[in-house]
Each structure stands twice: as C-alpha cells, then as structure tokens.
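A.B. asks: Next up is a structure, given as structure tokens.
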Amino acid sequence: MADKITLEVMRYRPEQETEPTFQGYEVPFHADWVVLDALNYIKDRLDGSLSYRWSCRMGVCGSCGMMVDGEPQLTCATFLSHYLPGPVRVEPLRYFPIMRDLVIEMTDFMDKLQRVKPWLIRGAEKPLLQGEYLQTPEELDLYKQFSMCINCMLCYAACPVYGLDPQFIGPAAIALAQRYNMDSRDQGSEQRLDLLSQHDGIWGCTFVGECSKVCPKEVDPASAIQQYKLTATKEWFRAFLMPWSAK
Amino acid sequence: MNDISAHTAYHPRWYRPRVSTYWWLWRWVYLKFILREISSIAVAYFVVLLLLQLRALSHGPEAYAAFQAWLKVPQIIALNSVCLLFVLLHTITWFNLAPRAIVVRVRGKRVPDRLIAGSNYVAWLVVSVAVAWLILRG
C-alpha cells in the first residue's frame with residue numbers, strides 16, 4: 001500500500017496574486033486519514049500559511065466543506081484511501097467567492113438563511129399557564145428530516161442554478177423554510193410563501209437533484225423544494241378558484 | 001449583493017470564479033439533466049404532431065392519406081424515432097423523480113417511494129394498453 005499521497009491544494013493569496021494557483025503537498029498516507037487530516041498535517045508540518053475552515057472533525061459543525069476531486073464533500077468524512085494513488089485535488093466550495101486559499105465568503109448564504117425566517121412564527125403566543133406546545137411523534141416525523149441540516153453549503157456547491165444565478169435562495173435555505181412550514185407549532189408558512197413563491201425562490205429550481213446527492217445529512221433539499229412547489233401551486237389554485245378564502 | 005451583505009464590500013480582493021457556459025458537459029449527471037430538459041421539446045413536438053394528425057383527419061380521407069404518406073418519409077421516421085427516445089427518457093426520469101415531490105402519508109406512515117413511482121408506471125401501462133387496444137382491435 002502507498003505510504004505517501006499528493007494533495008493538489010488550491011491557493012489564493014489576494015495580496016500576492018490575482019488568480020488562484022495549485023500547490024502540491026506530499027503527505028503520509030494512513031488508511032484512517034481523511035482529507036482534513038492531510039490538510040492539518042500540511043498546516044502543522046509543511047506550510048503554516050495554508051488557510052481553511054474546520055472545527056468538529058465529526059460531520060456535525062459543517063465547516064470543512066470543500067471540493068475534493070471536483071465533488072462537494074465534508075473533508076472530515078472523506079477518506080484519502082478513496083483517492084489512491086492520488087493526487088487528490090482540494091478546492092474551495094464551488095460558486096462562492098474565494099477569500100483566501102480554501103476559505104469561501106458565505107455572507108450571501110447567511111443572509112438567505114435569515115430571509116426565509118427559520119424560526120417558529122406564532123400569530124399569538126398562548127398564555128404560559130396553558131403549558132408548552134406539544135407535538136406528537138408523527139408531527140415531529142413530518143419535518144425532522146429537514147431539520148438535520150448543518151449549513152455546510154455542499155448543496156449550494158452542487159447546484160448549477162445557484163452558480164448561474166446567485167440570487168437563487170438555494171437548497172438549504174428552502175429546505176429549512178420547509179422544516180418550519182411543516183412544524184405543527186409554526187404559523188408562518190404564509191409569510192415564507194410570499195418570499196419563496198417568487199422566481200428566486202422555489203421556481204428558480206430546475207430539479208437537477210444534485211443537492212440531495214451531496215448532502216451529508218440526507219436532508220434531501222430537492223425533495224423539500226418540489227414539495228413546496230406543489231404546496232405553492234395548490235395555494236395559487238385555491239386563491240384563484242376561491243378568492244373569498246384568501247388571507 | 002444586497003444591502004445586508006454590503007459590509008463585505010471592504011474585501012475587494014475576493015476571487016469570483018466564472019461559471020463556464022459548458023458547465024453541463026463536465027459531468028454525466030449534469031449532461032443527463034440537460035438531456036432531460038431538452039426532452040421537453042420532443043414532448044411538445046409530439047403534441048403538435050398529434051394536432052396535425054387530427055387536422056388531417058378532419059379534412060377528409062385524402063388529407064389523412066397524404067399525412068400518413070408524409071409520416072413514412074425516411075427523414076420523418078428518423079426524426080420521430082429520436083423524439084421517441086427523448087420522450088421515453090422524459091417519462092422515465094420524471095416518473096422516477098415523482099416520489100421526491102409527492103409525499104403521501106397513510107395513517108401517519110410515508111408511502112414508500114417505489115409505490116409512488118410504481119403507480120405512475122402502472123398508469124402508463126394501463127393507458128398504453130387501452131390506446132393499443134383502441135387502435136389495433138379493428
């Protein structure tokens with residue numbers, strides 16, 4: 001078995017260069033090493049100037065998403081052994097502006113997350129004395145899948161619609177909106193529908209389906225968006241055929 | 001960038017990669033997606049063809065015979081064969097995707113994806129057999 005593997009890492013140092021370049025690093029190969037281990041080895045032993053984001057090393061925090069050999073991956077969950085004999089190409093997440101090396105700028109994503117109002121919206125809070133808002137396991141089951149998102153943005157890096165039209169709200173944000181829409185305690189679906197039924201929302205999606213394939217948490221944002229399209233269509237027909245029932 | 005992210009204007013040296021016009025040629029899944037989208041043209045073509053056929057039918061036996069003769073032109077047969085392949089691609093890919101959009105729950109349990117896709121295929125088969133029976137019985 002190989003004892004070394006080469007990583008071709010994209011470098012971008014804005015104070016030195018106007019375009020990214022690739023730099024090769026030879027790192028030891030261990031069967032239990034993931035791509036993030038190799039990056040940490042480079043940072044600690046070979047080149048301290050390499051910049052990238054990471055935190056938990058266990059697929060929970062969603063910080064270490066990068067393009068590994070052209071595919072969006074959590075580098076903490078992507079084994080080097082999969083890429084033998086190498087080299088392995090590591091690039092920042094596709095479709096986002098690059099700040100430095102493997103670090104992308106995510107303000108656009110954070111902004112979109114906020115726009116879909118990902119919190120419980122109530123028309124009127126019930127009095128404290130009436131107790132908490134209870135939910136049955138079946139009601140939880142309706143949205144639980146969509147609540148597993150870790151905001152790693154791999155789905156955006158897989159979505160050509162987002163690449164071509166950065167205004168598109170995108171898979172994770174829409175899935176999160178759907179997570180709250182389907183929550184029995186929430187009453188804000190109409191507010192979200194106003195935002196998401198526009199062209200930049202669900203109708204921008206052409207159902208490429210790659211967002212769901214790359215999702216490390218099996219959130220299936222593509223399904224959330226298509227289900228949302230059905231809901232929006234039903235709402236439109238209801239408003240069209242029964243205008244008196246409109247909000 | 002909208003107002004909320006305006007503060008990021010103080011980082012003018014970001015590198016913004018451009019998306020190539022040929023992004024869909026890079027990977028088979030993207031190419032398959034584009035082929036699926038293009039297949040809608042073939043679907044529209046068959047609808048127009050059916051309307052032309054009805055028009056020929058309403059114009060009497062001679063017009064209909066002329067239409068049928070036109071259908072037998074080798075170029076038209078080739079075109080229709082290619083369009084048929086695209087329509088099949090369209091049908092199969094969309095039927096397979098149907099469970100992602102249609103979530104049916106019976107007594108709180110989600111109906112399995114295979115059943116949702118399968119019911120589409122069964123409906124397709126039933127309609128096809130009915131049409132074949134209508135045409136071939138006489």
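Residues are referred to by chain and number: the chain letter is A, B, ... according to the order shown in the structure tokens, the number counts from 1 in that chain, and ligands are numbered separately from 1 in the order shown.
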Residues near segment 76-79 of chain A, anyone? I mean within 7 Å using only C-alpha atoms, not counting same-chain ones fewer than 3 positions away, as a ChimeraX atom specification.
C.D. replies: /A:33-36,57-59,64,73,82
A.B. asks: With a cut-off of 9 Å and counting only C-alpha atoms, select all residues of chain A in contact with chain B and give the selection as an MDAnalysis selection string.
C.D. replies: chainID A and resid 12 14:15 18:20 94:100 104:105 107:108 111 138:139 141:142 160 163:164 166:167 206:210 220 222:230
A.B. asks: Identify all residues of segment 9-124 of chain B in strand (DSSP E) (DSSP on the backbone) and supply them as a list in words.
C.D. replies: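 Answer for segment 9-124 of chain B, restricted to strand (DSSP E): Arg105, Val106, Lys109 and Arg110 of chain B.
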A.B. asks: Show which residues sit within 12 Å of Leu52 of chain B, as a PyMOL selection string. Count only C-alpha atoms, and ignore same-chain residues fewer than 2 positions away.
C.D. replies: chain B and resi 45-50+54-59+63-64+66-68+70-71
A.B. asks: Restricting it to C-alpha atoms, dump the selection as a PDB file, in the first residue's frame.
C.D. replies:
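After the write, result-v4.pdb holds the following:
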```pdb
ATOM      1  CA  TYR B  45     -43.230  18.118 -30.942  1.00  0.00           C
ATOM      2  CA  PHE B  46     -45.388  15.009 -30.457  1.00  0.00           C
ATOM      3  CA  VAL B  47     -48.267  17.156 -29.240  1.00  0.00           C
ATOM      4  CA  VAL B  48     -48.032  19.278 -32.397  1.00  0.00           C
ATOM      5  CA  LEU B  49     -47.798  16.102 -34.487  1.00  0.00           C
ATOM      6  CA  LEU B  50     -50.992  14.789 -32.896  1.00  0.00           C
ATOM      7  CA  LEU B  54     -56.333  15.459 -36.077  1.00  0.00           C
ATOM      8  CA  ARG B  55     -56.390  18.348 -38.542  1.00  0.00           C
ATOM      9  CA  ALA B  56     -55.644  15.966 -41.432  1.00  0.00           C
ATOM     10  CA  LEU B  57     -58.385  13.653 -40.172  1.00  0.00           C
ATOM     11  CA  SER B  58     -60.929  16.478 -40.136  1.00  0.00           C
ATOM     12  CA  HIS B  59     -60.009  17.402 -43.719  1.00  0.00           C
ATOM     13  CA  ALA B  63     -55.698  14.674 -46.486  1.00  0.00           C
ATOM     14  CA  TYR B  64     -55.262  11.887 -43.948  1.00  0.00           C
ATOM     15  CA  ALA B  66     -51.277  12.391 -47.502  1.00  0.00           C
ATOM     16  CA  PHE B  67     -50.389  12.875 -43.838  1.00  0.00           C
ATOM     17  CA  GLN B  68     -49.713   9.164 -43.431  1.00  0.00           C
ATOM     18  CA  TRP B  70     -45.574  12.099 -45.056  1.00  0.00           C
ATOM     19  CA  LEU B  71     -45.051  10.081 -41.885  1.00  0.00           C
TER      20      LEU B  71
END
```
A.B. asks: Measure the distance from atom CA of Val60 of chain A to atom CA of Leu176 of chain A in Å and round it to one decimal.
C.D. replies: 16.5 Å
A.B. asks: Could you give me, as a count of residues only, each residue of segment 60-195 of chain A that DSSP assigns to helix (DSSP H, G or I) when run on this structure's backbone?
C.D. replies: 59
